[in-house]
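> Data: data29.cif, mmCIF, C-alpha atoms.
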data_work
loop_
_atom_site.label_atom_id
_atom_site.label_comp_id
_atom_site.auth_asym_id
_atom_site.auth_seq_id
_atom_site.Cartn_x
_atom_site.Cartn_y
_atom_site.Cartn_z
CA MET A 1 -11.12 24.64 1.36
CA ASP A 2 -12.86 24.21 -1.99
CA LYS A 3 -16.60 23.52 -1.69
CA ARG A 4 -16.16 20.70 -4.19
CA PHE A 5 -14.42 18.74 -1.42
CA ASP A 6 -17.51 18.78 0.82
CA ARG A 7 -18.59 15.25 -0.16
CA LEU A 8 -15.17 13.69 0.46
CA PRO A 9 -14.85 11.18 3.31
CA PRO A 10 -14.41 13.10 6.60
CA LEU A 11 -10.90 11.74 7.22
CA MET A 12 -9.74 12.91 3.81
CA ARG A 13 -11.34 16.32 4.29
CA THR A 14 -9.67 16.70 7.68
CA ALA A 15 -6.30 15.72 6.20
CA ILE A 16 -6.64 18.40 3.51
CA GLN A 17 -7.60 21.01 6.09
CA THR A 18 -4.68 20.02 8.31
CA LEU A 19 -2.17 20.45 5.48
CA GLN A 20 -3.62 23.89 4.85
CA GLU A 21 -3.35 24.89 8.50
CA LEU A 22 0.20 23.59 8.82
CA HIS A 23 1.68 24.85 5.56
CA ASN A 24 -0.96 27.00 3.84
CA THR A 25 -1.06 24.22 1.23
CA PRO A 26 -3.22 25.09 -1.79
CA ASP A 27 -6.19 22.87 -2.67
CA ALA A 28 -4.50 21.82 -5.92
CA LEU A 29 -1.69 20.20 -3.92
CA ALA A 30 -3.46 19.07 -0.75
CA MET A 31 -6.26 17.21 -2.54
CA PRO A 32 -4.09 15.13 -4.94
CA ALA A 33 -1.65 14.36 -2.10
CA VAL A 34 -4.42 12.90 0.05
CA LEU A 35 -6.17 11.19 -2.88
CA GLY A 36 -2.95 9.64 -4.18
CA ILE A 37 -2.06 8.10 -0.82
CA ALA A 38 -5.62 6.78 -0.43
CA ASN A 39 -5.45 5.28 -3.92
CA LEU A 40 -2.20 3.47 -3.15
CA ALA A 41 -3.81 1.98 -0.02
CA VAL A 42 -6.90 0.57 -1.77
CA MET A 43 -5.57 -0.13 -5.29
CA PRO A 44 -4.18 -3.63 -4.49
CA HIS A 45 -7.45 -4.73 -2.92
CA TYR A 46 -10.17 -3.53 -5.29
CA LYS A 47 -11.38 -3.11 -8.85
CA ILE A 48 -14.64 -1.46 -9.88
CA ASP A 49 -17.49 -2.57 -12.13
CA SER A 50 -17.61 0.04 -14.91
CA ILE A 51 -21.02 -1.25 -16.12
CA LEU A 52 -20.12 -0.28 -19.70
CA PHE A 53 -16.80 -2.08 -20.23
CA GLY A 54 -16.26 -4.63 -17.48
CA ASP A 55 -14.16 -4.49 -14.34
CA ILE A 56 -11.35 -1.93 -14.30
CA PRO A 57 -8.49 -1.15 -11.88
CA LEU A 58 -8.67 1.72 -9.42
CA SER A 59 -5.16 2.90 -10.33
CA LEU A 60 -4.83 6.67 -10.64
CA TYR A 61 -2.01 8.60 -12.31
CA ILE A 62 -1.82 11.95 -10.47
CA LEU A 63 0.44 14.87 -11.32
CA CYS A 64 0.57 18.25 -9.56
CA MET A 65 2.49 21.16 -11.07
CA LEU A 66 3.51 23.94 -8.71
CA PRO A 67 6.12 26.67 -8.32
CA THR A 68 9.42 26.08 -6.58
CA GLY A 69 9.50 26.51 -2.82
CA MET A 70 5.96 25.19 -2.31
CA ARG A 71 6.95 22.48 0.18
CA LYS A 72 6.40 19.56 -2.16
CA SER A 73 8.43 17.13 -0.03
CA THR A 74 7.00 18.48 3.21
CA ASN A 75 3.40 17.90 2.16
CA TYR A 76 4.25 14.52 0.67
CA ASN A 77 5.90 13.39 3.91
CA GLU A 78 2.97 14.65 6.00
CA VAL A 79 0.49 12.30 4.29
CA SER A 80 2.80 9.28 3.82
CA VAL A 81 3.12 8.13 7.44
CA GLY A 82 0.64 5.26 7.18
CA ILE A 83 2.32 3.90 4.04
CA GLU A 84 5.75 4.15 5.69
CA ARG A 85 4.53 2.15 8.67
CA PHE A 86 3.22 -0.56 6.35
CA GLU A 87 6.48 -0.72 4.41
CA THR A 88 8.52 -0.96 7.62
CA GLN A 89 6.35 -3.80 8.90
CA ARG A 90 6.52 -5.66 5.58
CA TRP A 91 10.32 -5.47 5.47
CA SER A 92 10.41 -6.81 9.03
CA ASN A 93 8.13 -9.69 8.03
CA LEU A 94 10.30 -10.46 5.00
CA LYS A 95 13.68 -10.44 6.75
CA ASP A 96 14.01 -14.21 6.31
CA GLU A 97 13.16 -14.17 2.58
CA PRO A 98 16.80 -14.60 1.39
CA VAL A 99 17.17 -17.69 3.58
CA ARG A 100 13.82 -19.08 2.43
CA VAL A 101 14.74 -18.62 -1.24
CA LYS A 102 18.17 -20.21 -0.77
CA ILE A 103 16.75 -23.28 1.01
CA GLU A 104 13.94 -23.75 -1.50
CA THR A 105 16.34 -23.29 -4.42
CA ASN A 106 18.63 -26.02 -3.08
CA LEU A 107 15.66 -28.34 -2.62
CA TYR A 108 14.43 -27.47 -6.12
CA ILE A 109 17.80 -28.31 -7.67
CA LYS A 110 17.83 -31.70 -5.94
CA ALA A 111 14.21 -32.38 -6.95
CA LEU A 112 14.96 -31.36 -10.54
CA LYS A 113 17.88 -33.78 -10.74
CA GLN A 114 15.66 -36.57 -9.39
CA TYR A 115 12.95 -35.62 -11.88
CA GLU A 116 15.45 -35.88 -14.75
CA LYS A 117 16.49 -39.33 -13.56
CA ASP A 118 12.87 -40.40 -13.22
CA MET A 119 12.08 -39.14 -16.71
CA GLU A 120 15.01 -41.05 -18.13
CA SER A 121 13.87 -44.21 -16.36
CA HIS A 122 10.33 -43.61 -17.56
CA ALA A 123 11.50 -43.23 -21.15
CA ASN A 124 13.50 -46.46 -20.99
CA ALA A 125 10.94 -48.47 -19.04
CA ILE A 126 9.43 -51.59 -20.56
CA ARG A 127 5.66 -51.13 -20.85
CA ILE A 128 3.63 -54.03 -19.47
CA PRO A 129 0.11 -54.20 -20.91
CA GLY A 130 -2.53 -53.54 -18.29
CA ASN A 131 -0.18 -51.79 -15.88
CA PRO A 132 -0.81 -48.05 -15.40
CA VAL A 133 1.95 -45.72 -16.56
CA VAL A 134 3.00 -43.20 -13.93
CA VAL A 135 4.56 -40.10 -15.48
CA PRO A 136 6.98 -38.23 -13.21
CA VAL A 137 5.81 -34.77 -12.10
CA PRO A 138 8.29 -31.89 -12.33
CA PRO A 139 9.00 -29.97 -9.11
CA ALA A 140 7.24 -26.64 -8.57
CA GLU A 141 9.41 -23.61 -9.29
CA VAL A 142 10.67 -21.59 -6.35
CA ARG A 143 8.54 -18.63 -5.37
CA PRO A 144 10.61 -15.52 -6.21
CA ARG A 145 11.97 -13.48 -3.35
CA GLU A 146 9.23 -11.17 -2.10
CA THR A 147 10.10 -7.49 -1.77
CA ALA A 148 8.44 -4.46 -0.21
CA ASN A 149 9.51 -1.48 -2.30
CA TYR A 150 5.99 -0.15 -2.66
CA ARG A 151 7.03 3.35 -3.72
CA LEU A 152 9.57 4.05 -6.46
CA LYS A 153 10.79 7.63 -6.81
CA LYS A 154 12.54 7.15 -10.12
CA ALA A 155 12.48 4.09 -12.27
CA THR A 156 13.33 2.67 -15.64
CA LEU A 157 10.92 0.25 -17.25
CA ASN A 158 13.23 -2.61 -16.30
CA GLY A 159 13.31 -1.31 -12.73
CA ILE A 160 9.51 -1.29 -12.47
CA ILE A 161 9.19 -4.75 -14.00
CA ASP A 162 11.93 -6.23 -11.82
CA GLN A 163 10.20 -4.80 -8.75
CA LEU A 164 6.86 -6.31 -9.78
CA ARG A 165 8.44 -9.73 -10.13
CA GLY A 166 8.66 -9.85 -6.34
CA GLN A 167 5.53 -8.00 -5.25
CA PRO A 168 1.96 -7.51 -6.51
CA PHE A 169 1.82 -3.71 -6.70
CA VAL A 170 3.90 -0.56 -6.74
CA GLY A 171 3.35 3.19 -6.69
CA LEU A 172 5.50 5.59 -8.69
CA PHE A 173 5.68 8.34 -6.10
CA SER A 174 7.93 11.37 -5.86
CA ALA A 175 7.79 14.89 -4.51
CA GLU A 176 10.59 15.85 -6.93
CA ALA A 177 9.45 14.06 -10.08
CA GLY A 178 11.20 16.22 -12.66
CA GLU A 179 14.06 13.73 -12.75
CA MET A 180 11.62 10.97 -13.70
CA PHE A 181 10.34 12.72 -16.82
CA ASN A 182 13.77 14.03 -17.78
CA SER A 183 15.51 10.68 -17.27
CA HIS A 184 16.87 8.42 -19.99
CA SER A 185 13.63 6.44 -19.88
CA PHE A 186 11.76 9.37 -21.42
CA GLN A 187 14.57 10.91 -23.44
CA GLY A 188 15.34 7.88 -25.55
CA GLY A 189 17.69 7.82 -28.50
CA ARG A 190 17.33 9.44 -31.86
CA ASP A 191 14.39 7.21 -32.70
CA GLN A 192 12.84 7.74 -29.25
CA SER A 193 12.31 3.99 -28.99
CA ARG A 194 13.03 3.94 -25.27
CA SER A 195 10.54 6.74 -24.62
CA ILE A 196 7.88 4.99 -26.69
CA GLU A 197 8.49 1.73 -24.82
CA MET A 198 8.26 3.43 -21.42
CA SER A 199 5.07 5.37 -22.12
CA ALA A 200 3.43 2.36 -23.77
CA ALA A 201 4.25 0.24 -20.74
CA LEU A 202 2.86 2.84 -18.31
CA THR A 203 -0.30 3.00 -20.43
CA SER A 204 -0.67 -0.78 -20.14
CA MET A 205 -0.11 -0.61 -16.38
CA TRP A 206 -2.92 1.96 -16.02
CA ASP A 207 -5.19 -0.22 -18.16
CA GLY A 208 -4.39 -3.25 -16.01
CA THR A 209 -3.27 -5.42 -18.93
CA VAL A 210 -0.29 -7.76 -19.09
CA ILE A 211 3.07 -6.09 -18.38
CA GLU A 212 5.71 -7.42 -20.76
CA ARG A 213 9.42 -7.23 -21.39
CA GLN A 214 10.67 -8.81 -24.60
CA THR A 215 14.40 -9.03 -25.22
CA GLY A 216 16.68 -11.14 -27.34
CA ILE A 217 17.57 -13.22 -24.31
CA GLN A 218 14.87 -15.73 -23.44
CA GLU A 219 15.51 -15.81 -19.69
CA ASN A 220 15.09 -12.02 -19.50
CA ASN A 221 11.66 -12.06 -21.11
CA VAL A 222 8.85 -11.36 -18.63
CA ARG A 223 5.05 -11.44 -18.67
CA LEU A 224 3.39 -10.21 -15.49
CA HIS A 225 -0.34 -10.63 -14.90
CA ASN A 226 -2.69 -9.07 -12.35
CA ARG A 227 -0.36 -6.42 -10.96
CA ALA A 228 -1.38 -2.90 -9.88
CA VAL A 229 0.50 0.35 -10.52
CA ASN A 230 -0.39 3.93 -9.68
CA MET A 231 1.41 7.26 -9.79
CA MET A 232 1.62 10.49 -7.78
CA PHE A 233 4.18 13.09 -8.82
CA PHE A 234 4.74 16.67 -7.67
CA LEU A 235 6.98 18.83 -9.84
CA GLN A 236 7.66 22.26 -11.23
CA GLU A 237 5.90 23.20 -14.45
CA GLU A 238 9.10 23.86 -16.39
CA THR A 239 10.33 20.31 -15.77
CA ILE A 240 7.23 18.71 -17.31
CA ARG A 241 6.23 21.24 -20.00
CA ASP A 242 8.14 19.61 -22.87
CA PHE A 243 6.87 16.18 -21.91
CA LEU A 244 3.21 17.26 -21.83
CA ASN A 245 3.58 19.12 -25.13
CA ASN A 246 5.14 16.15 -26.91
CA PRO A 247 2.45 14.83 -29.31
CA MET A 248 3.94 11.35 -29.19
CA TYR A 249 2.79 10.81 -25.60
CA SER A 250 -0.68 12.13 -26.42
CA SER A 251 -1.05 9.93 -29.48
CA GLN A 252 -0.08 6.89 -27.41
CA GLY A 253 -2.72 7.82 -24.85
CA PHE A 254 -0.36 8.04 -21.89
CA VAL A 255 -0.92 11.74 -21.13
CA HIS A 256 -4.70 11.26 -21.29
CA ARG A 257 -4.48 8.83 -18.40
CA ILE A 258 -2.99 11.44 -16.08
CA LEU A 259 -5.04 13.64 -13.75
CA ILE A 260 -3.29 17.01 -13.58
CA THR A 261 -3.67 19.87 -11.14
CA GLN A 262 -1.74 23.14 -11.10
CA ALA A 263 -1.18 25.01 -7.87
CA GLU A 264 -0.55 28.72 -7.57
CA ARG A 265 1.95 30.14 -5.12
CA THR A 266 0.67 30.75 -1.60
CA GLU A 267 2.21 32.84 1.14
CA ASP A 268 4.22 31.02 3.78
CA PRO A 269 2.39 30.92 7.12
CA GLU A 270 3.75 32.95 10.00
CA VAL A 271 6.04 30.83 12.17
CA ASP A 272 5.93 30.68 15.97
CA LEU A 273 8.70 28.52 17.44
CA THR A 274 8.09 29.38 21.08
CA PRO A 275 7.20 26.39 23.30
CA ALA A 276 3.54 27.38 22.99
CA GLY A 277 3.93 27.67 19.21
CA GLN A 278 5.57 24.26 18.92
CA GLN A 279 2.82 22.73 21.01
CA HIS A 280 0.25 24.33 18.72
CA ILE A 281 1.98 22.88 15.63
CA ALA A 282 2.07 19.43 17.24
CA SER A 283 -1.62 19.75 18.10
CA ILE A 284 -2.52 20.57 14.50
CA ARG A 285 -0.33 17.76 13.11
CA SER A 286 -1.96 15.25 15.46
CA ARG A 287 -5.20 15.71 13.51
CA LEU A 288 -3.55 13.67 10.74
CA ASP A 289 -3.17 10.64 13.04
CA PRO A 290 -6.61 9.13 12.30
CA PHE A 291 -5.87 9.45 8.57
CA HIS A 292 -2.50 7.70 8.98
CA ASP A 293 -4.05 4.93 11.08
CA HIS A 294 -6.80 4.37 8.51
CA ILE A 295 -4.36 4.29 5.58
CA GLU A 296 -2.22 1.73 7.41
CA HIS A 297 -5.32 -0.35 8.19
CA LEU A 298 -6.48 -0.27 4.57
CA ILE A 299 -3.20 -1.20 2.92
CA SER A 300 -2.37 -3.82 5.58
CA GLY A 301 -5.60 -5.73 4.98
CA ARG A 302 -5.36 -9.27 3.68
CA MET A 303 -4.23 -9.10 0.07
CA HIS A 304 -6.07 -11.71 -1.97
CA GLN A 305 -3.89 -13.40 -4.56
CA LEU A 306 -4.64 -16.08 -7.13
CA PRO A 307 -3.68 -19.56 -5.89
CA ASP A 308 -0.50 -21.09 -7.31
CA ARG A 309 0.37 -17.82 -9.09
CA HIS A 310 3.22 -15.67 -7.89
CA PHE A 311 2.06 -12.23 -6.66
CA GLU A 312 -1.04 -12.12 -8.89
CA LEU A 313 -3.82 -10.06 -7.31
CA ASP A 314 -7.38 -11.35 -7.02
CA ARG A 315 -9.11 -8.07 -6.22
CA HIS A 316 -12.62 -7.61 -4.89
CA VAL A 317 -14.93 -5.86 -7.37
CA ILE A 318 -16.80 -2.80 -6.09
CA GLY A 319 -20.28 -2.44 -7.54
CA VAL A 320 -22.22 0.71 -8.44
CA SER A 321 -25.59 1.46 -6.83
CA ASP A 322 -28.58 2.47 -8.94
CA GLU A 323 -28.39 6.00 -7.56
CA ALA A 324 -24.68 6.25 -8.42
CA ALA A 325 -25.35 4.85 -11.89
CA ARG A 326 -27.78 7.69 -12.52
CA VAL A 327 -25.12 10.20 -11.46
CA PHE A 328 -22.64 8.63 -13.87
CA GLU A 329 -25.26 8.50 -16.62
CA CYS A 330 -25.85 12.24 -16.31
CA TYR A 331 -22.13 12.91 -16.22
CA ILE A 332 -21.47 10.84 -19.36
CA ASN A 333 -24.32 12.44 -21.31
CA MET A 334 -23.36 15.93 -20.13
CA ASN A 335 -19.85 15.45 -21.53
CA GLN A 336 -20.84 13.88 -24.85
CA GLY A 337 -19.23 15.65 -27.79
CA ARG A 338 -16.56 17.48 -25.80
CA ALA A 339 -13.81 15.54 -27.60
CA ALA A 340 -14.80 17.46 -30.73
CA ALA A 341 -15.56 20.76 -28.96
CA ASP A 342 -13.85 22.48 -26.02
CA LEU A 343 -11.61 19.47 -25.28
CA ARG A 344 -10.70 18.74 -28.89
CA LYS A 345 -6.99 19.31 -28.14
CA TRP A 346 -7.31 16.68 -25.40
CA ALA A 347 -9.76 14.36 -27.13
CA GLY A 348 -8.19 11.25 -25.62
CA PHE A 349 -8.69 12.66 -22.14
CA ALA A 350 -12.29 13.70 -22.92
CA GLU A 351 -13.05 10.13 -23.95
CA ARG A 352 -11.83 8.87 -20.57
CA LEU A 353 -13.68 11.31 -18.31
CA TYR A 354 -16.08 8.62 -17.13
CA GLU A 355 -13.33 6.08 -16.46
CA HIS A 356 -11.30 8.62 -14.47
CA THR A 357 -14.42 9.47 -12.48
CA LEU A 358 -15.14 5.80 -11.81
CA ARG A 359 -11.65 5.20 -10.47
CA ILE A 360 -11.92 8.19 -8.14
CA ALA A 361 -15.38 7.09 -6.96
CA GLY A 362 -14.11 3.56 -6.35
CA THR A 363 -11.17 4.93 -4.37
CA LEU A 364 -13.46 7.03 -2.19
CA ALA A 365 -15.86 4.12 -1.61
CA ALA A 366 -13.03 1.70 -0.78
CA PHE A 367 -11.50 4.27 1.56
CA GLU A 368 -14.76 4.20 3.53
CA LEU A 369 -14.87 0.37 3.39
CA LYS A 370 -17.96 0.35 1.18
CA ASN A 371 -18.62 -2.59 -1.14
CA THR A 372 -20.60 -0.36 -3.48
CA VAL A 373 -20.16 3.12 -4.88
CA ASP A 374 -23.12 5.03 -3.51
CA GLU A 375 -24.57 8.33 -4.71
CA ASN A 376 -22.35 10.43 -2.44
CA SER A 377 -19.12 8.78 -3.64
CA ALA A 378 -20.23 9.24 -7.25
CA LEU A 379 -21.06 12.91 -6.72
CA ALA A 380 -17.78 13.46 -4.87
CA ALA A 381 -15.86 11.95 -7.80
CA VAL A 382 -17.71 14.17 -10.28
CA ASP A 383 -16.88 17.19 -8.09
CA LEU A 384 -13.17 16.31 -8.13
CA MET A 385 -13.15 15.79 -11.89
#
How does this structure look as structure tokens?

Amino acid sequence: MDKRFDRLPPLMRTAIQTLQELHNTPDALAMPAVLGIANLAVMPHYKIDSILFGDIPLSLYILCMLPTGMRKSTNYNEVSVGIERFETQRWSNLKDEPVRVKIETNLYIKALKQYEKDMESHANAIRIPGNPVVVPVPPAEVRPRETANYRLKKATLNGIIDQLRGQPFVGLFSAEAGEMFNSHSFQGGRDQSRSIEMSAALTSMWDGTVIERQTGIQENNVRLHNRAVNMMFFLQEETIRDFLNNPMYSSQGFVHRILITQAERTEDPEVDLTPAGQQHIASIRSRLDPFHDHIEHLISGRMHQLPDRHFELDRHVIGVSDEAARVFECYINMNQGRAAADLRKWAGFAERLYEHTLRIAGTLAAFELKNTVDENSALAAVDLM
């Protein structure tokens, strides 16, 4: 395992080692797999104080390129158990949502009719001097049906937005993500308007700004505040090459918000399917159990939402210790000028090195239930960058 992983939280380090023992998984796949799952678990609960430009989301966009036959789905499934448990529990908790929405909608319709009558009476009422005027209050709108699709494998912009209308966060996650970047959302028409719209929206989601859909039909227009979106995709290089080389996505800034690793082919481990061999495999896999339990605990924690706002997150802000601030200060100053030097072809990425590092550091700190990024979390994030 890469020495630059030494400062990672022990559970994350053990998870990476376990993937390597089970499947000979390369660092460039094992690390983003573990980090991406951890980020999904803490992203809805926390932001981080950037010191320089206010509070920012923890959302990470992670992409791993690797050759075919490298067990993308296998490794993805190995680390996703805690998230799957959470999703299963949430769907169980929400089984009565259709009934709740139907009942509340019927009550809302009745209350709205009464409100209209009251408003008509109010408008026609004779005003008596000295008597207070009571203005009818409209009924509160029905809370939209809550959903629990926390991982989308492939999505259009409308699909992402429609999902976020019924839940506060979502991860764009796939172990076969080539279809995502070769879908109609990124192909667009002759003017590439659909591609531009999709990448601009994903850029806004990473930034944590308002997510919008504007159409010619008023009831289809949407403005979503305080949602969280992250991304973890595994794919073959040839399926993403054209996308990454398209200057349009770089000029928009979308590509510069993605953390990319590239894994080389590794030899398949020798297989022993005797009873003793199967027991050995089960013993190795069991080392992932504490990681799964912790991920489930993190993501299942109470999700703070703004009062009287549908699915709007009110995330805790992680601070930065003085020691961590000095680490970040050195990192920023060390990378000054790289946008015009060795990273000039990726200037937009070079300008976001600190923000990427902050988000990783915040993820690591939140994973260990820290309220503040300490020196070790900061150094670990710099190592990963």
> Would you compute an axis-aligned box for segment 1-19 of chain A, covering every atom listed for it in the file with 5 Å of margin on each side, and report centre and edge lengths in Å to one decimal as JSON?

{"center_x": -10.4, "center_y": 17.9, "center_z": 2.1, "size_x": 26.4, "size_y": 23.5, "size_z": 22.5}
> Would you kindly translate the PyMOL selection byres ((chain A and resi 86-94) around 8) into the concrete residues it picks from this file, as a VMD selection string?
chain A and resid 82 to 85 95 to 97 146 to 150 296 299 to 300
> Once the PyMOL selection byres ((chain A and resi 162) around 12) has been applied to the shown file, what residues remain in the selection, as a list in words?
Pro144, Arg145, Glu146, Thr147, Asn149, Leu152, Ala155, Thr156, Leu157, Asn158, Gly159, Ile160, Ile161, Gln163, Leu164, Arg165, Gly166, Gln167, Pro168, Phe169, Val170, Ile211, Glu212, Arg213, Asn220, Asn221, Val222, Arg223 and Leu224 of chain A
> Please provide as an NGL selection string all residues within 8 Å of Ala175 of chain A, with the sequence filter that same-chain residues fewer than 5 positions apart are discarded (counting only C-alpha atoms).
:A and (72-73 or 76 or 233-235)
> Please identify all polymer residues within 12 Å of Gly362 of chain A, counting only C-alpha atoms, omitting same-chain residues fewer than 6 positions from it, and present them as an MDAnalysis selection string.
chainID A and resid 35 38:39 42:43 45:50 55:60 316:321 324 355:356 368:382
> Please provide as a ChimeraX atom specification all residues within 10 Å of Thr266 of chain A, with the sequence filter that same-chain residues fewer than 2 positions apart are discarded (counting only C-alpha atoms).
/A:23-26,67,69-70,263-264,268-269
> Which residues, written as a PyMOL selection string, have at least one atom at most 8 Å from segment 110-123 of chain A, with all atoms listed in the file counted and residues fewer than 5 positions away on the same chain left out?
chain A and resi 135-139
> Asn246 of chain A: which residues within 12 Å, counting all atoms listed in the file, same-chain residues fewer than 3 positions away excluded, as a PDB file with C-alpha atoms, in the frame of the given file?

ATOM      1  CA  PHE A 181      10.340  12.720 -16.820  1.00  0.00           C
ATOM      2  CA  PHE A 186      11.760   9.370 -21.420  1.00  0.00           C
ATOM      3  CA  GLN A 187      14.570  10.910 -23.440  1.00  0.00           C
ATOM      4  CA  GLN A 192      12.840   7.740 -29.250  1.00  0.00           C
ATOM      5  CA  SER A 195      10.540   6.740 -24.620  1.00  0.00           C
ATOM      6  CA  ILE A 196       7.880   4.990 -26.690  1.00  0.00           C
ATOM      7  CA  SER A 199       5.070   5.370 -22.120  1.00  0.00           C
ATOM      8  CA  ILE A 240       7.230  18.710 -17.310  1.00  0.00           C
ATOM      9  CA  ARG A 241       6.230  21.240 -20.000  1.00  0.00           C
ATOM     10  CA  ASP A 242       8.140  19.610 -22.870  1.00  0.00           C
ATOM     11  CA  PHE A 243       6.870  16.180 -21.910  1.00  0.00           C
ATOM     12  CA  TYR A 249       2.790  10.810 -25.600  1.00  0.00           C
ATOM     13  CA  SER A 250      -0.680  12.130 -26.420  1.00  0.00           C
ATOM     14  CA  SER A 251      -1.050   9.930 -29.480  1.00  0.00           C
ATOM     15  CA  GLN A 252      -0.080   6.890 -27.410  1.00  0.00           C
ATOM     16  CA  GLY A 253      -2.720   7.820 -24.850  1.00  0.00           C
ATOM     17  CA  PHE A 254      -0.360   8.040 -21.890  1.00  0.00           C
ATOM     18  CA  VAL A 255      -0.920  11.740 -21.130  1.00  0.00           C
TER      19      VAL A 255
END
> Taking only C-alpha atoms into account, which of A:Arg127, A:Lys3, A:Arg143, A:His304 comes nearest Asp383 of chain A?
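Closest to Asp383 of chain A of all the choices is A:Lys3.
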> Quick check, in Å to one decimal: how far apart do atom CA of Leu298 of chain A and atom CA of Ala41 of chain A lie?
5.8 Å
